[in-house]
$ cat input_7.txt   # compact mmCIF, N, CA and C atoms and all ligand atoms
# COMPACT_ATOMS: atom_id res chain seq x y z
N MET B 6 58.79 57.51 123.71
CA MET B 6 58.87 56.61 122.56
C MET B 6 59.23 57.43 121.32
N PRO B 7 60.36 57.10 120.63
CA PRO B 7 60.73 57.89 119.45
C PRO B 7 59.75 57.65 118.31
N PRO B 8 59.61 58.63 117.40
CA PRO B 8 58.73 58.42 116.25
C PRO B 8 59.21 57.22 115.42
N GLN B 9 58.32 56.52 114.80
CA GLN B 9 58.65 55.28 114.10
C GLN B 9 59.31 55.51 112.74
N ASN B 10 58.98 56.58 112.05
CA ASN B 10 59.43 56.70 110.68
C ASN B 10 60.60 57.65 110.48
N THR B 11 61.28 58.05 111.52
CA THR B 11 62.48 58.85 111.32
C THR B 11 63.59 57.91 110.89
N LYS B 12 64.47 58.41 110.01
CA LYS B 12 65.57 57.58 109.56
C LYS B 12 66.65 57.54 110.62
N TYR B 13 66.66 58.53 111.48
CA TYR B 13 67.72 58.64 112.47
C TYR B 13 67.09 59.04 113.79
N PRO B 14 67.24 58.24 114.83
CA PRO B 14 66.49 58.50 116.06
C PRO B 14 66.91 59.76 116.80
N GLY B 15 68.09 60.33 116.45
CA GLY B 15 68.53 61.55 117.12
C GLY B 15 67.96 62.81 116.51
N LEU B 16 67.01 62.67 115.62
CA LEU B 16 66.44 63.79 114.89
C LEU B 16 66.15 64.99 115.78
N HIS B 17 66.68 66.12 115.36
CA HIS B 17 66.48 67.35 116.09
C HIS B 17 66.37 68.47 115.07
N PRO B 18 65.56 69.46 115.18
CA PRO B 18 64.63 69.66 116.30
C PRO B 18 63.49 68.63 116.27
N LEU B 19 62.59 68.78 117.18
CA LEU B 19 61.52 67.79 117.32
C LEU B 19 60.90 67.51 115.96
N PRO B 20 60.59 66.25 115.71
CA PRO B 20 60.08 65.89 114.39
C PRO B 20 58.82 66.66 114.01
N PRO B 21 58.66 66.91 112.73
CA PRO B 21 57.48 67.63 112.27
C PRO B 21 56.23 66.74 112.35
N PRO B 22 55.07 67.35 112.20
CA PRO B 22 53.83 66.59 112.39
C PRO B 22 53.64 65.43 111.41
N PHE B 23 54.28 65.52 110.24
CA PHE B 23 54.06 64.46 109.24
C PHE B 23 54.96 63.25 109.46
N VAL B 24 55.72 63.21 110.54
CA VAL B 24 56.76 62.19 110.69
C VAL B 24 56.21 60.77 110.72
N ASN B 25 55.00 60.57 111.10
CA ASN B 25 54.47 59.21 111.11
C ASN B 25 53.95 58.78 109.75
N GLU B 26 53.94 59.71 108.80
CA GLU B 26 53.51 59.35 107.45
C GLU B 26 54.70 59.27 106.49
N TYR B 27 55.61 60.23 106.61
CA TYR B 27 56.80 60.27 105.74
C TYR B 27 58.03 60.61 106.59
N PRO B 28 59.20 60.07 106.20
CA PRO B 28 60.41 60.50 106.90
C PRO B 28 60.74 61.94 106.52
N PRO B 29 61.26 62.71 107.45
CA PRO B 29 61.60 64.10 107.14
C PRO B 29 62.98 64.24 106.52
N ILE B 30 63.09 65.16 105.59
CA ILE B 30 64.39 65.56 105.06
C ILE B 30 64.47 67.08 105.13
N ALA B 31 65.70 67.57 105.13
CA ALA B 31 65.91 69.01 105.29
C ALA B 31 65.76 69.75 103.96
N LEU B 32 65.35 70.99 104.06
CA LEU B 32 65.27 71.88 102.90
C LEU B 32 65.76 73.25 103.35
N VAL B 33 66.55 73.92 102.51
CA VAL B 33 67.02 75.27 102.82
C VAL B 33 66.04 76.28 102.22
N ILE B 34 65.59 77.20 103.06
CA ILE B 34 64.82 78.34 102.54
C ILE B 34 65.86 79.33 102.00
N GLU B 35 65.98 79.34 100.70
CA GLU B 35 67.12 80.05 100.08
C GLU B 35 67.16 81.53 100.43
N LYS B 36 66.02 82.16 100.52
CA LYS B 36 66.05 83.60 100.80
C LYS B 36 66.55 83.90 102.22
N LYS B 37 66.51 82.90 103.12
CA LYS B 37 67.02 83.12 104.48
C LYS B 37 68.52 82.85 104.58
N CYS B 38 69.06 82.06 103.67
CA CYS B 38 70.47 81.64 103.75
C CYS B 38 71.39 82.83 103.55
N ILE B 39 72.37 82.96 104.43
CA ILE B 39 73.34 84.04 104.31
C ILE B 39 74.68 83.52 103.77
N ALA B 40 74.66 82.32 103.21
CA ALA B 40 75.84 81.74 102.55
C ALA B 40 77.07 81.74 103.46
N CYS B 41 76.86 81.33 104.70
CA CYS B 41 77.98 81.34 105.66
C CYS B 41 78.90 80.14 105.50
N ASP B 42 78.49 79.14 104.71
CA ASP B 42 79.30 77.95 104.42
C ASP B 42 79.46 77.00 105.61
N ARG B 43 78.69 77.18 106.65
CA ARG B 43 78.84 76.28 107.80
C ARG B 43 78.31 74.88 107.54
N CYS B 44 77.19 74.80 106.88
CA CYS B 44 76.49 73.52 106.85
C CYS B 44 77.08 72.46 105.92
N PRO B 45 77.61 72.79 104.73
CA PRO B 45 78.08 71.69 103.86
C PRO B 45 79.14 70.80 104.51
N PRO B 46 80.17 71.33 105.17
CA PRO B 46 81.16 70.41 105.74
C PRO B 46 80.66 69.67 106.96
N LEU B 47 79.58 70.14 107.56
CA LEU B 47 79.06 69.51 108.76
C LEU B 47 78.25 68.25 108.44
N CYS B 48 77.65 68.22 107.27
CA CYS B 48 76.75 67.11 106.94
C CYS B 48 77.55 65.84 106.68
N PHE B 49 77.31 64.81 107.47
CA PHE B 49 78.03 63.55 107.34
C PHE B 49 77.72 62.85 106.03
N TYR B 50 76.62 63.21 105.40
CA TYR B 50 76.13 62.46 104.25
C TYR B 50 76.31 63.22 102.94
N ASP B 51 77.11 64.27 102.96
CA ASP B 51 77.34 65.08 101.76
C ASP B 51 76.03 65.48 101.10
N ALA B 52 75.09 65.86 101.91
CA ALA B 52 73.77 66.19 101.39
C ALA B 52 73.56 67.70 101.19
N ILE B 53 74.58 68.50 101.48
CA ILE B 53 74.41 69.95 101.32
C ILE B 53 75.53 70.48 100.44
N VAL B 54 75.13 71.24 99.44
CA VAL B 54 76.12 71.89 98.56
C VAL B 54 75.79 73.37 98.50
N MET B 55 76.80 74.16 98.16
CA MET B 55 76.58 75.58 97.93
C MET B 55 76.40 75.77 96.42
N GLU B 56 75.39 76.55 96.06
CA GLU B 56 75.15 76.81 94.64
C GLU B 56 75.13 78.31 94.38
N GLU B 57 75.52 78.66 93.18
CA GLU B 57 75.49 80.07 92.77
C GLU B 57 74.05 80.51 92.57
N ARG B 58 73.75 81.72 93.02
CA ARG B 58 72.43 82.33 92.79
C ARG B 58 72.66 83.81 92.51
N PRO B 59 72.91 84.16 91.27
CA PRO B 59 73.27 85.55 90.96
C PRO B 59 72.27 86.58 91.49
N ALA B 60 71.00 86.22 91.56
CA ALA B 60 70.00 87.18 92.01
C ALA B 60 69.86 87.26 93.53
N HIS B 61 70.51 86.34 94.22
CA HIS B 61 70.39 86.29 95.68
C HIS B 61 71.23 87.40 96.32
N GLU B 62 70.80 87.87 97.46
CA GLU B 62 71.55 88.93 98.16
C GLU B 62 73.01 88.54 98.37
N TYR B 63 73.26 87.25 98.63
CA TYR B 63 74.63 86.78 98.88
C TYR B 63 75.23 86.02 97.69
N GLN B 64 74.54 86.07 96.59
CA GLN B 64 74.98 85.44 95.33
C GLN B 64 75.15 83.91 95.40
N ARG B 65 74.92 83.34 96.57
CA ARG B 65 75.04 81.88 96.72
C ARG B 65 74.02 81.44 97.75
N THR B 66 73.76 80.15 97.77
CA THR B 66 72.90 79.59 98.81
C THR B 66 73.27 78.12 99.04
N ALA B 67 72.98 77.63 100.22
CA ALA B 67 73.09 76.20 100.48
C ALA B 67 71.86 75.51 99.90
N VAL B 68 72.07 74.28 99.42
CA VAL B 68 70.98 73.49 98.84
C VAL B 68 71.13 72.07 99.35
N VAL B 69 70.03 71.46 99.75
CA VAL B 69 70.05 70.06 100.21
C VAL B 69 69.79 69.14 99.03
N ILE B 70 70.60 68.09 98.93
CA ILE B 70 70.37 67.03 97.94
C ILE B 70 69.47 66.00 98.61
N PRO B 71 68.20 65.96 98.24
CA PRO B 71 67.23 65.14 98.99
C PRO B 71 67.63 63.67 99.06
N GLU B 72 68.21 63.15 97.97
CA GLU B 72 68.55 61.72 97.94
C GLU B 72 69.60 61.36 99.00
N ASN B 73 70.40 62.32 99.40
CA ASN B 73 71.47 62.05 100.37
C ASN B 73 71.05 62.33 101.81
N CYS B 74 70.02 63.10 102.00
CA CYS B 74 69.65 63.54 103.35
C CYS B 74 69.03 62.41 104.15
N THR B 75 69.55 62.20 105.35
CA THR B 75 69.02 61.15 106.23
C THR B 75 68.08 61.71 107.29
N GLY B 76 67.91 63.02 107.32
CA GLY B 76 67.06 63.61 108.33
C GLY B 76 67.69 63.63 109.71
N CYS B 77 69.01 63.71 109.77
CA CYS B 77 69.69 63.65 111.08
C CYS B 77 69.51 64.94 111.88
N GLY B 78 69.30 66.05 111.21
CA GLY B 78 69.02 67.31 111.91
C GLY B 78 70.24 68.14 112.29
N LEU B 79 71.44 67.68 111.98
CA LEU B 79 72.62 68.45 112.38
C LEU B 79 72.65 69.83 111.75
N CYS B 80 72.21 69.93 110.53
CA CYS B 80 72.26 71.23 109.85
C CYS B 80 71.38 72.27 110.55
N PHE B 81 70.31 71.82 111.18
CA PHE B 81 69.46 72.76 111.91
C PHE B 81 70.25 73.41 113.05
N GLU B 82 71.11 72.60 113.65
CA GLU B 82 71.93 73.11 114.76
C GLU B 82 72.96 74.11 114.27
N ALA B 83 73.46 73.89 113.05
CA ALA B 83 74.57 74.70 112.55
C ALA B 83 74.13 76.06 112.04
N CYS B 84 72.94 76.15 111.56
CA CYS B 84 72.55 77.36 110.82
C CYS B 84 72.26 78.54 111.76
N PRO B 85 72.96 79.64 111.58
CA PRO B 85 72.76 80.78 112.47
C PRO B 85 71.49 81.57 112.18
N VAL B 86 70.85 81.28 111.05
CA VAL B 86 69.66 82.07 110.69
C VAL B 86 68.41 81.20 110.51
N ASP B 87 68.46 79.97 111.02
CA ASP B 87 67.29 79.07 110.94
C ASP B 87 66.75 78.96 109.51
N ALA B 88 67.65 78.68 108.59
CA ALA B 88 67.22 78.60 107.19
C ALA B 88 66.68 77.23 106.81
N PHE B 89 66.80 76.25 107.71
CA PHE B 89 66.35 74.89 107.38
C PHE B 89 64.93 74.64 107.87
N ILE B 90 64.21 73.90 107.06
CA ILE B 90 62.91 73.39 107.49
C ILE B 90 62.86 71.90 107.13
N TRP B 91 61.91 71.20 107.72
CA TRP B 91 61.67 69.80 107.35
C TRP B 91 60.63 69.73 106.27
N ILE B 92 60.88 68.84 105.31
CA ILE B 92 59.83 68.51 104.34
C ILE B 92 59.68 66.99 104.31
N PRO B 93 58.52 66.49 103.90
CA PRO B 93 58.35 65.03 103.85
C PRO B 93 59.10 64.44 102.67
N ASP B 94 59.76 63.31 102.90
CA ASP B 94 60.45 62.60 101.82
C ASP B 94 59.47 61.61 101.21
N LYS B 95 58.78 62.06 100.17
CA LYS B 95 57.74 61.22 99.58
C LYS B 95 58.30 60.20 98.60
N GLN B 96 59.63 60.22 98.41
CA GLN B 96 60.25 59.25 97.49
C GLN B 96 60.59 57.94 98.17
N GLN B 97 60.47 57.90 99.50
CA GLN B 97 60.86 56.68 100.21
C GLN B 97 59.85 55.58 99.97
N PRO B 98 60.28 54.47 99.38
CA PRO B 98 59.33 53.38 99.15
C PRO B 98 59.05 52.61 100.44
N GLY B 99 57.86 52.12 100.54
CA GLY B 99 57.54 51.17 101.59
C GLY B 99 57.34 51.75 102.97
N ILE B 100 57.39 53.05 103.10
CA ILE B 100 57.24 53.62 104.43
C ILE B 100 55.88 54.26 104.60
N HIS B 101 55.21 54.52 103.49
CA HIS B 101 53.90 55.15 103.58
C HIS B 101 52.90 54.16 104.18
N PRO B 102 52.09 54.59 105.08
CA PRO B 102 51.12 53.66 105.65
C PRO B 102 50.12 53.22 104.59
N LYS B 103 49.86 51.91 104.58
CA LYS B 103 48.85 51.43 103.63
C LYS B 103 47.47 51.79 104.17
N PRO B 104 46.53 52.15 103.28
CA PRO B 104 45.19 52.43 103.78
C PRO B 104 44.59 51.17 104.38
N SER B 105 43.89 51.33 105.47
CA SER B 105 43.26 50.18 106.11
C SER B 105 42.09 49.71 105.26
N PRO B 106 41.87 48.41 105.23
CA PRO B 106 40.68 47.94 104.52
C PRO B 106 39.43 48.44 105.22
N PRO B 107 38.36 48.66 104.47
CA PRO B 107 37.14 49.15 105.12
C PRO B 107 36.62 48.15 106.14
N THR B 108 36.14 48.66 107.20
CA THR B 108 35.56 47.79 108.24
C THR B 108 34.06 47.69 108.00
N ALA B 109 33.45 46.80 108.71
CA ALA B 109 31.99 46.65 108.61
C ALA B 109 31.32 47.97 109.00
N GLU B 110 31.94 48.64 109.97
CA GLU B 110 31.39 49.92 110.44
C GLU B 110 31.42 50.97 109.32
N ASP B 111 32.58 51.00 108.54
CA ASP B 111 32.70 51.95 107.43
C ASP B 111 31.61 51.69 106.40
N GLN B 112 31.36 50.40 106.14
CA GLN B 112 30.41 50.08 105.08
C GLN B 112 28.98 50.44 105.45
N ASP B 113 28.73 50.57 106.73
CA ASP B 113 27.38 50.97 107.15
C ASP B 113 27.15 52.45 106.93
N LEU B 114 28.26 53.24 106.75
CA LEU B 114 28.09 54.69 106.66
C LEU B 114 27.57 55.12 105.30
S1 LIG E 201 69.39 66.65 108.06
FE1 LIG E 201 71.45 65.70 108.34
S2 LIG E 201 71.76 64.51 106.43
FE2 LIG E 201 70.12 66.01 106.01
S3 LIG E 201 71.16 67.77 105.15
FE3 LIG E 201 70.95 68.15 107.38
S4 LIG E 201 72.90 67.40 108.24
FE4 LIG E 201 72.74 66.54 106.16
S1 LIG E 202 74.36 77.32 107.81
FE1 LIG E 202 72.44 78.35 107.16
S2 LIG E 202 73.08 80.37 106.46
FE2 LIG E 202 74.95 79.11 106.55
S3 LIG E 202 75.18 78.28 104.44
FE3 LIG E 202 74.00 76.77 105.64
S4 LIG E 202 71.82 77.27 105.26
FE4 LIG E 202 73.05 79.04 104.65

$ encode --input "input_7.txt" --output "structure tokens"
Amino acid sequence: MPPQNTKYPGLHPLPPPFVNEYPPIALVIEKKCIACDRCPPLCFYDAIVMEERPAHEYQRTAVVIPENCTGCGLCFEACPVDAFIWIPDKQQPGIHPKPSPPTAEDQDL
């Protein structure tokens, strides 16, 4: 059974533990990025751009635009140095589970 809150059912690698609370979006760990330029053209949603980073070893890094990321996971496949991680997309409205109302059992505690 696929996780319920992924935006894209083909999500790879396996969804992170928070997937039932928030949809996952990609984030680049900038210090790991070797600025190989593979990932921006691969992303179907134009969610990855290269940015200048003068202090970085490679002077540039890939950056994910969170608003565009669908959590499809393709960039994870493309990156030769595993620079991507999943983070929770806490900006998504209506997907967060509502707290359950207290039960009679809770009120006895
Ligand atoms: S997870 Fe998919 S949509 Fe998000 S940045 Fe990676 S390739 Fe683009
Ligand atoms: S594929 Fe990985 S190393 Fe290459 S630009 Fe993208 S994040 Fe950086």

$ residues_near_ligand --input "input_7.txt" --ligand "ligand LIG 201 (chain E)" --cutoff "6.5 Å" --atoms "only N, CA and C atoms and all ligand atoms" --output "PDB file with N, CA and C atoms, in the coordinates of the input"
ATOM      1  N   ILE B  30      63.090  65.160 105.590  1.00  0.00           N
ATOM      2  CA  ILE B  30      64.390  65.560 105.060  1.00  0.00           C
ATOM      3  C   ILE B  30      64.470  67.080 105.130  1.00  0.00           C
ATOM      4  N   ALA B  31      65.700  67.570 105.130  1.00  0.00           N
ATOM      5  CA  ALA B  31      65.910  69.010 105.290  1.00  0.00           C
ATOM      6  C   ALA B  31      65.760  69.750 103.960  1.00  0.00           C
ATOM      7  N   LEU B  47      79.580  70.140 107.560  1.00  0.00           N
ATOM      8  CA  LEU B  47      79.060  69.510 108.760  1.00  0.00           C
ATOM      9  C   LEU B  47      78.250  68.250 108.440  1.00  0.00           C
ATOM     10  N   CYS B  48      77.650  68.220 107.270  1.00  0.00           N
ATOM     11  CA  CYS B  48      76.750  67.110 106.940  1.00  0.00           C
ATOM     12  C   CYS B  48      77.550  65.840 106.680  1.00  0.00           C
ATOM     13  N   PHE B  49      77.310  64.810 107.470  1.00  0.00           N
ATOM     14  CA  PHE B  49      78.030  63.550 107.340  1.00  0.00           C
ATOM     15  C   PHE B  49      77.720  62.850 106.030  1.00  0.00           C
ATOM     16  N   TYR B  50      76.620  63.210 105.400  1.00  0.00           N
ATOM     17  CA  TYR B  50      76.130  62.460 104.250  1.00  0.00           C
ATOM     18  C   TYR B  50      76.310  63.220 102.940  1.00  0.00           C
ATOM     19  N   ASP B  51      77.110  64.270 102.960  1.00  0.00           N
ATOM     20  CA  ASP B  51      77.340  65.080 101.760  1.00  0.00           C
ATOM     21  C   ASP B  51      76.030  65.480 101.100  1.00  0.00           C
ATOM     22  N   ALA B  52      75.090  65.860 101.910  1.00  0.00           N
ATOM     23  CA  ALA B  52      73.770  66.190 101.390  1.00  0.00           C
ATOM     24  C   ALA B  52      73.560  67.700 101.190  1.00  0.00           C
ATOM     25  N   ILE B  53      74.580  68.500 101.480  1.00  0.00           N
ATOM     26  CA  ILE B  53      74.410  69.950 101.320  1.00  0.00           C
ATOM     27  C   ILE B  53      75.530  70.480 100.440  1.00  0.00           C
ATOM     28  N   VAL B  69      70.030  71.460  99.750  1.00  0.00           N
ATOM     29  CA  VAL B  69      70.050  70.060 100.210  1.00  0.00           C
ATOM     30  C   VAL B  69      69.790  69.140  99.030  1.00  0.00           C
ATOM     31  N   ILE B  70      70.600  68.090  98.930  1.00  0.00           N
ATOM     32  CA  ILE B  70      70.370  67.030  97.940  1.00  0.00           C
ATOM     33  C   ILE B  70      69.470  66.000  98.610  1.00  0.00           C
ATOM     34  N   ASN B  73      70.400  62.320  99.400  1.00  0.00           N
ATOM     35  CA  ASN B  73      71.470  62.050 100.370  1.00  0.00           C
ATOM     36  C   ASN B  73      71.050  62.330 101.810  1.00  0.00           C
ATOM     37  N   CYS B  74      70.020  63.100 102.000  1.00  0.00           N
ATOM     38  CA  CYS B  74      69.650  63.540 103.350  1.00  0.00           C
ATOM     39  C   CYS B  74      69.030  62.410 104.150  1.00  0.00           C
ATOM     40  N   THR B  75      69.550  62.200 105.350  1.00  0.00           N
ATOM     41  CA  THR B  75      69.020  61.150 106.230  1.00  0.00           C
ATOM     42  C   THR B  75      68.080  61.710 107.290  1.00  0.00           C
ATOM     43  N   GLY B  76      67.910  63.020 107.320  1.00  0.00           N
ATOM     44  CA  GLY B  76      67.060  63.610 108.330  1.00  0.00           C
ATOM     45  C   GLY B  76      67.690  63.630 109.710  1.00  0.00           C
ATOM     46  N   CYS B  77      69.010  63.710 109.770  1.00  0.00           N
ATOM     47  CA  CYS B  77      69.690  63.650 111.080  1.00  0.00           C
ATOM     48  C   CYS B  77      69.510  64.940 111.880  1.00  0.00           C
ATOM     49  N   GLY B  78      69.300  66.050 111.210  1.00  0.00           N
ATOM     50  CA  GLY B  78      69.020  67.310 111.910  1.00  0.00           C
ATOM     51  C   GLY B  78      70.240  68.140 112.290  1.00  0.00           C
ATOM     52  N   LEU B  79      71.440  67.680 111.980  1.00  0.00           N
ATOM     53  CA  LEU B  79      72.620  68.450 112.380  1.00  0.00           C
ATOM     54  C   LEU B  79      72.650  69.830 111.750  1.00  0.00           C
ATOM     55  N   CYS B  80      72.210  69.930 110.530  1.00  0.00           N
ATOM     56  CA  CYS B  80      72.260  71.230 109.850  1.00  0.00           C
ATOM     57  C   CYS B  80      71.380  72.270 110.550  1.00  0.00           C
ATOM     58  N   PHE B  81      70.310  71.820 111.180  1.00  0.00           N
ATOM     59  CA  PHE B  81      69.460  72.760 111.910  1.00  0.00           C
ATOM     60  C   PHE B  81      70.250  73.410 113.050  1.00  0.00           C
TER      61      PHE B  81
END

$ atom_distance --input "input_7.txt" --atom1 "atom C of Asn25 (chain B)" --atom2 "atom C of Asp87 (chain B)"
23.9 Å

$ atom_distance --input "input_7.txt" --atom1 "CA of Pro45 (chain B)" --atom2 "CA of Glu62 (chain B)"
19.3 Å

$ residues_around --input "input_7.txt" --residues "Cys41 (chain B)" --least-positions-apart "5" --cutoff "8 Å" --atoms "only N, CA and C atoms" --output "JSON, numbers by chain"
{"B": [65, 66, 67, 85]}

$ closest_residue --input "input_7.txt" --among "B:Glu82, B:Glu72, B:Glu56, B:Asp94" --to "Pro29 (chain B)" --atoms "all atoms listed in the file"
B:Asp94

$ atom_distance --input "input_7.txt" --atom1 "CA of Pro28 (chain B)" --atom2 "CA of Arg43 (chain B)"
24.3 Å

$ axis_aligned_box --input "input_7.txt" --around "ligand LIG 202 (chain E)" --padding-each-side "3 Å" --output "JSON"
{"center_x": 73.5, "center_y": 78.6, "center_z": 106.1, "size_x": 9.4, "size_y": 9.6, "size_z": 9.4}
